[in-house]
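Report on the following structure.
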Amino acid sequence: MIRLAVRVDRADAELVLAELLELAPSGVEERQLSETTVEYAVYGASGELPALPDLQAAAGGSLVEIVTETVADDWDQRWKAFHKPITLDAGGRRMRVRPPWEEANDDASLLDLVIDPGQAFGTGAHATTRLCLELLLGVDPDGGCIDLGCGSGVLAIAAAKLGWAPVAGFDHEAESVEATLGNAAANSVAVSAERFDLRGGGPVPSAELVLANLLRPILLDLCDAGFGGPPPRLLILSGLLTGEADEVATRFVEAHGLTEIERRSSGEWSALLLGPGL
Ligand SMILES: C[S@@+](CC[C@H](N)C(=O)[O-])C[C@H]1O[C@@H](n2cnc3c(N)ncnc32)[C@H](O)[C@@H]1O
């Protein structure tokens with residue numbers, strides 16, 4: 001098994017991480033090597049790892065070096081060691097997202113979500129996912145929910161657990177559809193999932209609540225493509241760097257008659273809750 005590490009300038013680390021997560025959607029291991037350098041690592045067999053030119057392109061001018069090493073057979077234990085449960089507390093509700101190898105917590109006030117990301121993005125630990133979950137905890141369930149770019153299904157499954165129904169996830173990756181259906185079954189909730197390319201040119205599926213943790217360019221495409229059917233009453237958007245949030249909020253507000261209800265940020269990332277116009 002190989003450990004492939006990309007070392008980058010700390011100043012641009014969040015930007016590089018966004019690019020790397022496109023290449024390694026199930027997540028990367030992060031280490032602060034020094035005041036100025038951050039290391040992001042992925043594990044896998046040689047044919048399964050991102051190609052070096054793609055990694056170099058993702059890191060761009062921030063690249064310090066790329067280091068590969070062969071790791072012992074306990075690599076999967078190390079992988080598991082950094083997928084820890086996360087607890088969220090927002091809007092008067094609490095939720096714990098855990099991988100399957102961690103025991104459920106017996107605290108009845110904590111909504112338990114078990115998520116195995118498999119090959120898909122979405123352990124729950126990434127700041128953009130956490131921010132979406134926090135915004136989701138703060139809204140009262142009322143109707144159907146669509147998760148655009150569902151990855152592991154973590155947001156869709158959280159919505160279903162909170163009482164939104166029906167819930168459907170869409171993603172262009174077959175692995176994401178598979179992970180979402182598997183995780184929905186593991187959590188005993190009804191969530192459908194199907195392949196859908198958000199950049200296919202046509203309107204995208206809609207519901208009372210639409211969740212979209214994507215990157216800025218895809219969100220702007222989605223804004224232009226519009227929604228098939230009535231526009232969502234509530235829209236949770238993330239995958240945005242903080243400096244991109246104003247632009248994306250303004251575009252959705254102007255195009256779809258929504259208002260910005262709440263904005264949350266963590267590190268370099270932001271998430272938006274948009275709702276009915278005034
Ligand atoms: C940042 S991940 C979000 C995953 C999960 N919703 C979460 O919040 O953790 C973005 C997801 O969007 C999907 N995606 C990216 N481009 C897409 C496209 N053009 N059409 C459909 N899905 C796309 C990716 O496969 C990935 O699963």
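Labeling convention for the structure tokens: chains A, B, ... as they appear, residues from 1 per chain, ligands from 1 in order of appearance.
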What are the closest atom pairs, with distances in Å to one decimal, for each residue of chain A lying within 9 Å of ligand 1, using only C-alpha atoms and all ligand atoms, rows by chain and rising residue number, as a Markdown table?
| residue | atom | partner | partner_atom_place_in_ligand_line | distance |
| --- | --- | --- | --- | --- |
| A:Ala18 | CA | ligand 1 | 1 (C) | 8.3 |
| A:Leu21 | CA | ligand 1 | 1 (C) | 7.5 |
| A:Glu22 | CA | ligand 1 | 24 (C) | 7.3 |
| A:Pro25 | CA | ligand 1 | 26 (C) | 6.8 |
| A:Ser26 | CA | ligand 1 | 27 (O) | 8.9 |
| A:Ala120 | CA | ligand 1 | 27 (O) | 5.9 |
| A:Phe121 | CA | ligand 1 | 4 (C) | 4.9 |
| A:Gly122 | CA | ligand 1 | 9 (O) | 3.5 |
| A:Thr123 | CA | ligand 1 | 9 (O) | 6.5 |
| A:Gly124 | CA | ligand 1 | 9 (O) | 5.7 |
| A:Ala125 | CA | ligand 1 | 9 (O) | 8.0 |
| A:His126 | CA | ligand 1 | 9 (O) | 6.9 |
| A:Ala127 | CA | ligand 1 | 9 (O) | 8.9 |
| A:Thr128 | CA | ligand 1 | 8 (O) | 6.5 |
| A:Thr129 | CA | ligand 1 | 8 (O) | 4.1 |
| A:Arg130 | CA | ligand 1 | 8 (O) | 7.7 |
| A:Leu131 | CA | ligand 1 | 8 (O) | 8.9 |
| A:Cys132 | CA | ligand 1 | 8 (O) | 6.9 |
| A:Leu133 | CA | ligand 1 | 8 (O) | 8.1 |
| A:Asp147 | CA | ligand 1 | 6 (N) | 6.7 |
| A:Leu148 | CA | ligand 1 | 22 (N) | 6.5 |
| A:Gly149 | CA | ligand 1 | 12 (O) | 3.3 |
| A:Cys150 | CA | ligand 1 | 6 (N) | 3.9 |
| A:Gly151 | CA | ligand 1 | 27 (O) | 3.3 |
| A:Ser152 | CA | ligand 1 | 5 (C) | 6.0 |
| A:Gly153 | CA | ligand 1 | 6 (N) | 6.1 |
| A:Val154 | CA | ligand 1 | 9 (O) | 6.0 |
| A:Leu155 | CA | ligand 1 | 6 (N) | 5.7 |
| A:Ala156 | CA | ligand 1 | 6 (N) | 7.6 |
| A:Gly169 | CA | ligand 1 | 6 (N) | 8.6 |
| A:Phe170 | CA | ligand 1 | 21 (C) | 6.4 |
| A:Asp171 | CA | ligand 1 | 22 (N) | 3.7 |
| A:His172 | CA | ligand 1 | 21 (C) | 4.0 |
| A:Glu173 | CA | ligand 1 | 25 (O) | 5.1 |
| A:Ala174 | CA | ligand 1 | 25 (O) | 8.6 |
| A:Glu175 | CA | ligand 1 | 25 (O) | 8.3 |
| A:Ser176 | CA | ligand 1 | 27 (O) | 5.8 |
| A:Val177 | CA | ligand 1 | 27 (O) | 8.8 |
| A:Arg195 | CA | ligand 1 | 21 (C) | 7.4 |
| A:Phe196 | CA | ligand 1 | 21 (C) | 5.5 |
| A:Asp197 | CA | ligand 1 | 20 (N) | 3.6 |
| A:Leu198 | CA | ligand 1 | 20 (N) | 3.7 |
| A:Arg199 | CA | ligand 1 | 19 (N) | 4.7 |
| A:Gly200 | CA | ligand 1 | 19 (N) | 7.4 |
| A:Leu211 | CA | ligand 1 | 6 (N) | 7.7 |
| A:Ala212 | CA | ligand 1 | 6 (N) | 6.7 |
| A:Asn213 | CA | ligand 1 | 3 (C) | 4.9 |
| A:Leu214 | CA | ligand 1 | 10 (C) | 4.7 |
| A:Leu215 | CA | ligand 1 | 1 (C) | 6.9 |
| A:Ile218 | CA | ligand 1 | 19 (N) | 6.7 |
| A:Ser238 | CA | ligand 1 | 8 (O) | 8.0 |
| A:Gly239 | CA | ligand 1 | 1 (C) | 6.0 |
Preceding selection exported with N, CA and C atoms as a short mmCIF file (atom, residue, chain, number, x, y, z; two decimals), in the first residue's frame:
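What landed in out_7.cif:
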data_model
loop_
_atom_site.label_atom_id
_atom_site.label_comp_id
_atom_site.auth_asym_id
_atom_site.auth_seq_id
_atom_site.Cartn_x
_atom_site.Cartn_y
_atom_site.Cartn_z
N ALA A 18 -9.36 21.97 -1.51
CA ALA A 18 -10.59 21.91 -2.33
C ALA A 18 -10.31 21.18 -3.63
N LEU A 21 -9.63 17.35 -2.98
CA LEU A 21 -10.82 16.56 -2.66
C LEU A 21 -11.60 16.18 -3.91
N GLU A 22 -11.38 16.91 -4.98
CA GLU A 22 -11.97 16.49 -6.27
C GLU A 22 -11.28 15.23 -6.77
N PRO A 25 -12.06 11.98 -3.35
CA PRO A 25 -13.29 12.43 -2.70
C PRO A 25 -13.57 11.80 -1.34
N SER A 26 -12.93 10.66 -1.01
CA SER A 26 -13.25 10.08 0.29
C SER A 26 -12.44 10.73 1.40
N ALA A 120 -16.73 7.53 -1.85
CA ALA A 120 -17.41 8.81 -2.09
C ALA A 120 -16.95 9.86 -1.08
N PHE A 121 -17.19 11.14 -1.40
CA PHE A 121 -16.87 12.25 -0.50
C PHE A 121 -17.94 12.31 0.59
N GLY A 122 -17.51 12.56 1.82
CA GLY A 122 -18.53 12.85 2.83
C GLY A 122 -18.46 12.02 4.08
N THR A 123 -17.36 12.10 4.84
CA THR A 123 -17.33 11.46 6.16
C THR A 123 -18.14 12.29 7.14
N GLY A 124 -18.39 13.54 6.79
CA GLY A 124 -19.05 14.46 7.71
C GLY A 124 -18.04 15.41 8.33
N ALA A 125 -16.76 15.05 8.23
CA ALA A 125 -15.75 15.84 8.94
C ALA A 125 -15.31 17.09 8.18
N HIS A 126 -15.49 17.12 6.87
CA HIS A 126 -15.02 18.30 6.14
C HIS A 126 -15.85 19.51 6.54
N ALA A 127 -15.19 20.66 6.63
CA ALA A 127 -15.87 21.87 7.12
C ALA A 127 -17.14 22.17 6.33
N THR A 128 -17.12 21.96 5.02
CA THR A 128 -18.31 22.31 4.22
C THR A 128 -19.49 21.40 4.58
N THR A 129 -19.21 20.13 4.82
CA THR A 129 -20.28 19.20 5.22
C THR A 129 -20.80 19.58 6.60
N ARG A 130 -19.88 19.88 7.51
CA ARG A 130 -20.30 20.25 8.87
C ARG A 130 -21.17 21.49 8.85
N LEU A 131 -20.76 22.49 8.06
CA LEU A 131 -21.52 23.74 8.00
C LEU A 131 -22.93 23.48 7.45
N CYS A 132 -23.03 22.63 6.42
CA CYS A 132 -24.35 22.28 5.88
C CYS A 132 -25.20 21.58 6.94
N LEU A 133 -24.57 20.65 7.67
CA LEU A 133 -25.32 19.92 8.70
C LEU A 133 -25.81 20.88 9.78
N ASP A 147 -30.70 16.38 -2.41
CA ASP A 147 -29.28 16.61 -2.12
C ASP A 147 -28.51 16.53 -3.44
N LEU A 148 -28.03 17.67 -3.90
CA LEU A 148 -27.33 17.72 -5.19
C LEU A 148 -25.83 17.54 -4.95
N GLY A 149 -25.26 16.49 -5.50
CA GLY A 149 -23.86 16.14 -5.21
C GLY A 149 -23.83 15.44 -3.87
N CYS A 150 -24.53 14.28 -3.80
CA CYS A 150 -24.80 13.67 -2.48
C CYS A 150 -23.59 12.96 -1.89
N GLY A 151 -22.58 12.57 -2.71
CA GLY A 151 -21.40 11.91 -2.15
C GLY A 151 -21.80 10.68 -1.35
N SER A 152 -21.38 10.62 -0.09
CA SER A 152 -21.72 9.49 0.78
C SER A 152 -23.19 9.47 1.17
N GLY A 153 -23.91 10.56 0.89
CA GLY A 153 -25.31 10.67 1.28
C GLY A 153 -25.49 11.28 2.66
N VAL A 154 -24.40 11.77 3.24
CA VAL A 154 -24.46 12.24 4.64
C VAL A 154 -25.53 13.32 4.85
N LEU A 155 -25.65 14.28 3.92
CA LEU A 155 -26.63 15.36 4.11
C LEU A 155 -28.05 14.83 3.90
N ALA A 156 -28.23 14.01 2.86
CA ALA A 156 -29.56 13.47 2.55
C ALA A 156 -30.06 12.62 3.72
N GLY A 169 -31.11 11.83 -3.44
CA GLY A 169 -29.75 12.32 -3.70
C GLY A 169 -29.41 12.15 -5.17
N PHE A 170 -28.59 13.06 -5.67
CA PHE A 170 -28.14 13.00 -7.06
C PHE A 170 -26.64 13.25 -7.10
N ASP A 171 -25.94 12.49 -7.94
CA ASP A 171 -24.49 12.67 -8.06
C ASP A 171 -24.08 12.07 -9.40
N HIS A 172 -23.03 12.63 -10.00
CA HIS A 172 -22.60 12.05 -11.28
C HIS A 172 -21.73 10.81 -11.11
N GLU A 173 -21.28 10.55 -9.88
CA GLU A 173 -20.42 9.39 -9.64
C GLU A 173 -21.24 8.17 -9.22
N ALA A 174 -20.98 7.03 -9.89
CA ALA A 174 -21.68 5.79 -9.51
C ALA A 174 -21.35 5.41 -8.06
N GLU A 175 -20.10 5.67 -7.63
CA GLU A 175 -19.69 5.31 -6.26
C GLU A 175 -20.52 6.08 -5.23
N SER A 176 -20.88 7.32 -5.57
CA SER A 176 -21.67 8.14 -4.63
C SER A 176 -23.08 7.59 -4.50
N VAL A 177 -23.65 7.18 -5.63
CA VAL A 177 -25.01 6.63 -5.60
C VAL A 177 -25.01 5.35 -4.75
N ARG A 195 -27.82 8.65 -10.56
CA ARG A 195 -26.78 9.41 -11.24
C ARG A 195 -27.40 10.56 -12.00
N PHE A 196 -26.76 11.73 -11.88
CA PHE A 196 -27.27 12.92 -12.56
C PHE A 196 -26.09 13.88 -12.70
N ASP A 197 -25.87 14.39 -13.91
CA ASP A 197 -24.78 15.35 -14.10
C ASP A 197 -25.34 16.76 -13.99
N LEU A 198 -24.93 17.45 -12.95
CA LEU A 198 -25.43 18.81 -12.71
C LEU A 198 -24.97 19.78 -13.80
N ARG A 199 -23.98 19.36 -14.57
CA ARG A 199 -23.51 20.23 -15.65
C ARG A 199 -24.04 19.75 -17.00
N GLY A 200 -25.15 18.98 -16.94
CA GLY A 200 -25.72 18.44 -18.18
C GLY A 200 -26.43 19.49 -19.01
N LEU A 211 -30.24 20.88 -0.91
CA LEU A 211 -28.90 20.93 -0.32
C LEU A 211 -27.90 20.81 -1.46
N ALA A 212 -26.89 21.66 -1.47
CA ALA A 212 -25.91 21.58 -2.56
C ALA A 212 -24.53 21.96 -2.02
N ASN A 213 -23.76 20.95 -1.63
CA ASN A 213 -22.39 21.19 -1.18
C ASN A 213 -21.47 20.90 -2.36
N LEU A 214 -21.28 21.91 -3.19
CA LEU A 214 -20.52 21.76 -4.44
C LEU A 214 -19.49 22.88 -4.48
N LEU A 215 -18.76 23.00 -5.55
CA LEU A 215 -17.82 24.12 -5.63
C LEU A 215 -18.47 25.28 -6.38
N ILE A 218 -19.77 25.09 -10.08
CA ILE A 218 -20.95 24.23 -10.29
C ILE A 218 -22.19 24.91 -9.71
N SER A 238 -23.00 25.11 -0.04
CA SER A 238 -21.64 25.22 0.49
C SER A 238 -20.65 24.74 -0.56
N GLY A 239 -19.41 24.48 -0.10
CA GLY A 239 -18.33 24.25 -1.04
C GLY A 239 -17.74 25.57 -1.47
#
Practice problem: Compile the contact shell of Gln32 of chain A as number ranges by chain: residues with an atom at most 12 Å away, counting only C-alpha atoms, same-chain residues fewer than 2 positions apart removed. | Solution: A: 6-11, 13, 29-30, 34-41
Exercise. Looking only at strand (DSSP E or B) from DSSP on the backbone, list the matching residues of segment 14-244 of chain A as a ChimeraX atom specification.
Key: /A:29-32,37-44,63-70,86-90,93-98,110-114,145-148,167-171,191-195,204,209-213,227,234-241
Practice problem: Rank nothing, just name the residue among A:Met1, A:Leu234, A:Leu55, A:Val139 nearest to Leu20 of chain A, using only C-alpha atoms. | Solution: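 Answer, going by the shortest atom-to-atom distance: A:Leu55.
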Quiz item: Could you pull out the alpha helix (DSSP H) residues of segment 16-201 of chain A from DSSP and send them as a PyMOL selection string?
Solution: chain A and resi 16-23+52-59+75-82+127-137+154-162+174-186
Go ahead and dump the residues you just picked, C-alpha atoms, as a PDB file, in the first residue's frame.
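Wrote it out as result_7.pdb, contents follow:
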ATOM      1  CA  VAL A  16      -5.364  23.243  -2.540  1.00  0.00           C
ATOM      2  CA  LEU A  17      -7.488  21.006  -0.299  1.00  0.00           C
ATOM      3  CA  ALA A  18     -10.589  21.905  -2.327  1.00  0.00           C
ATOM      4  CA  GLU A  19      -8.811  20.779  -5.492  1.00  0.00           C
ATOM      5  CA  LEU A  20      -7.401  17.630  -3.891  1.00  0.00           C
ATOM      6  CA  LEU A  21     -10.824  16.559  -2.655  1.00  0.00           C
ATOM      7  CA  GLU A  22     -11.974  16.488  -6.268  1.00  0.00           C
ATOM      8  CA  LEU A  23      -9.206  13.920  -6.912  1.00  0.00           C
ATOM      9  CA  LEU A  52       1.159  12.878 -10.240  1.00  0.00           C
ATOM     10  CA  PRO A  53       0.421  15.507 -12.945  1.00  0.00           C
ATOM     11  CA  ASP A  54      -3.117  15.883 -11.542  1.00  0.00           C
ATOM     12  CA  LEU A  55      -1.713  16.372  -8.040  1.00  0.00           C
ATOM     13  CA  GLN A  56       0.824  18.896  -9.315  1.00  0.00           C
ATOM     14  CA  ALA A  57      -1.950  20.783 -11.104  1.00  0.00           C
ATOM     15  CA  ALA A  58      -4.129  20.729  -7.963  1.00  0.00           C
ATOM     16  CA  ALA A  59      -1.337  22.173  -5.826  1.00  0.00           C
ATOM     17  CA  TRP A  75      -2.641   1.411   6.669  1.00  0.00           C
ATOM     18  CA  ASP A  76      -6.357   0.747   6.985  1.00  0.00           C
ATOM     19  CA  GLN A  77      -6.104   1.131  10.763  1.00  0.00           C
ATOM     20  CA  ARG A  78      -4.368   4.469  10.280  1.00  0.00           C
ATOM     21  CA  TRP A  79      -7.086   5.461   7.843  1.00  0.00           C
ATOM     22  CA  LYS A  80      -9.674   4.528  10.436  1.00  0.00           C
ATOM     23  CA  ALA A  81      -7.746   6.374  13.130  1.00  0.00           C
ATOM     24  CA  PHE A  82      -8.353   9.723  11.504  1.00  0.00           C
ATOM     25  CA  ALA A 127     -15.875  21.870   7.121  1.00  0.00           C
ATOM     26  CA  THR A 128     -18.314  22.305   4.219  1.00  0.00           C
ATOM     27  CA  THR A 129     -20.276  19.196   5.215  1.00  0.00           C
ATOM     28  CA  ARG A 130     -20.297  20.249   8.872  1.00  0.00           C
ATOM     29  CA  LEU A 131     -21.522  23.740   7.999  1.00  0.00           C
ATOM     30  CA  CYS A 132     -24.354  22.283   5.875  1.00  0.00           C
ATOM     31  CA  LEU A 133     -25.320  19.923   8.705  1.00  0.00           C
ATOM     32  CA  GLU A 134     -25.401  22.815  11.188  1.00  0.00           C
ATOM     33  CA  LEU A 135     -27.675  24.859   8.919  1.00  0.00           C
ATOM     34  CA  LEU A 136     -29.854  21.780   8.360  1.00  0.00           C
ATOM     35  CA  LEU A 137     -30.219  21.235  12.117  1.00  0.00           C
ATOM     36  CA  VAL A 154     -24.462  12.239   4.642  1.00  0.00           C
ATOM     37  CA  LEU A 155     -26.630  15.359   4.115  1.00  0.00           C
ATOM     38  CA  ALA A 156     -29.559  13.470   2.552  1.00  0.00           C
ATOM     39  CA  ILE A 157     -29.544  10.900   5.344  1.00  0.00           C
ATOM     40  CA  ALA A 158     -29.336  13.612   8.010  1.00  0.00           C
ATOM     41  CA  ALA A 159     -32.341  15.334   6.387  1.00  0.00           C
ATOM     42  CA  ALA A 160     -34.315  12.075   6.361  1.00  0.00           C
ATOM     43  CA  LYS A 161     -33.450  11.434  10.021  1.00  0.00           C
ATOM     44  CA  LEU A 162     -34.658  14.933  10.896  1.00  0.00           C
ATOM     45  CA  ALA A 174     -21.678   5.785  -9.510  1.00  0.00           C
ATOM     46  CA  GLU A 175     -19.691   5.314  -6.260  1.00  0.00           C
ATOM     47  CA  SER A 176     -21.667   8.136  -4.632  1.00  0.00           C
ATOM     48  CA  VAL A 177     -25.011   6.626  -5.596  1.00  0.00           C
ATOM     49  CA  GLU A 178     -23.880   3.258  -4.241  1.00  0.00           C
ATOM     50  CA  ALA A 179     -22.569   4.808  -0.996  1.00  0.00           C
ATOM     51  CA  THR A 180     -25.745   6.859  -0.483  1.00  0.00           C
ATOM     52  CA  LEU A 181     -28.027   3.831  -0.920  1.00  0.00           C
ATOM     53  CA  GLY A 182     -25.831   1.696   1.346  1.00  0.00           C
ATOM     54  CA  ASN A 183     -25.661   4.361   4.053  1.00  0.00           C
ATOM     55  CA  ALA A 184     -29.414   5.014   3.848  1.00  0.00           C
ATOM     56  CA  ALA A 185     -30.012   1.307   4.475  1.00  0.00           C
ATOM     57  CA  ALA A 186     -27.511   1.287   7.361  1.00  0.00           C
TER      58      ALA A 186
END
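For Gly229 of chain A, the set of protein, DNA and RNA residues having any atom at most 8 Å away, when counting only C-alpha atoms and skipping those fewer than 2 positions along the same chain, is Pro205, Ser206, Phe227 and Pro231 of chain A.
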Could you turn the residues from that selection into a file that holds N, CA and C atoms, as a PDB file, in the first residue's frame?
ATOM      1  N   PRO A 205     -33.141  18.898 -10.355  1.00  0.00           N
ATOM      2  CA  PRO A 205     -34.284  18.533  -9.524  1.00  0.00           C
ATOM      3  C   PRO A 205     -34.484  19.522  -8.374  1.00  0.00           C
ATOM      4  N   SER A 206     -35.730  19.689  -7.964  1.00  0.00           N
ATOM      5  CA  SER A 206     -36.031  20.637  -6.889  1.00  0.00           C
ATOM      6  C   SER A 206     -36.935  19.989  -5.837  1.00  0.00           C
ATOM      7  N   PHE A 227     -34.242  25.433 -11.633  1.00  0.00           N
ATOM      8  CA  PHE A 227     -34.814  24.226 -11.041  1.00  0.00           C
ATOM      9  C   PHE A 227     -35.977  23.723 -11.883  1.00  0.00           C
ATOM     10  N   PRO A 231     -39.298  26.443  -7.487  1.00  0.00           N
ATOM     11  CA  PRO A 231     -37.987  26.599  -6.851  1.00  0.00           C
ATOM     12  C   PRO A 231     -38.055  26.198  -5.377  1.00  0.00           C
TER      13      PRO A 231
END
Exercise. Tell me which of A:Val253, A:Gly201, A:Asp140, A:Ser188 sits closest to Asp112 of chain A, counting only C-alpha atoms.
Key: A:Ser188
Practice problem: Mind giving me the straight-line distance from atom CA of Ala108 of chain A to atom CA of Asp142 of chain A in Å, one decimal? | Solution: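 According to the coordinates, atom CA of Ala108 of chain A and atom CA of Asp142 of chain A are separated by 22.9 Å.
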Quiz prompt | Which residue of A:Thr70, A:Gly138, A:Ser62, A:Leu274 approaches Arg94 of chain A most closely, using only C-alpha atoms | solution = A:Gly138
Exercise. Mind giving me the straight-line distance from atom CA of Ala165 of chain A to atom CA of Leu113 of chain A in Å, one decimal?
Key: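 It comes out at 16.9 Å.
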Self-check item: Close residues, Leu209 of chain A itself excluded, 6 Å, only C-alpha atoms, min 4 positions apart in chain, as a PyMOL selection string
Solution: chain A and resi 145+232+234-235
Practice problem: Mind giving me the straight-line distance from atom CA of Trp101 of chain A to atom CA of Gly44 of chain A in Å, one decimal? | Solution: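 So the two atoms, atom CA of Trp101 of chain A and atom CA of Gly44 of chain A, lie 19.6 Å apart.
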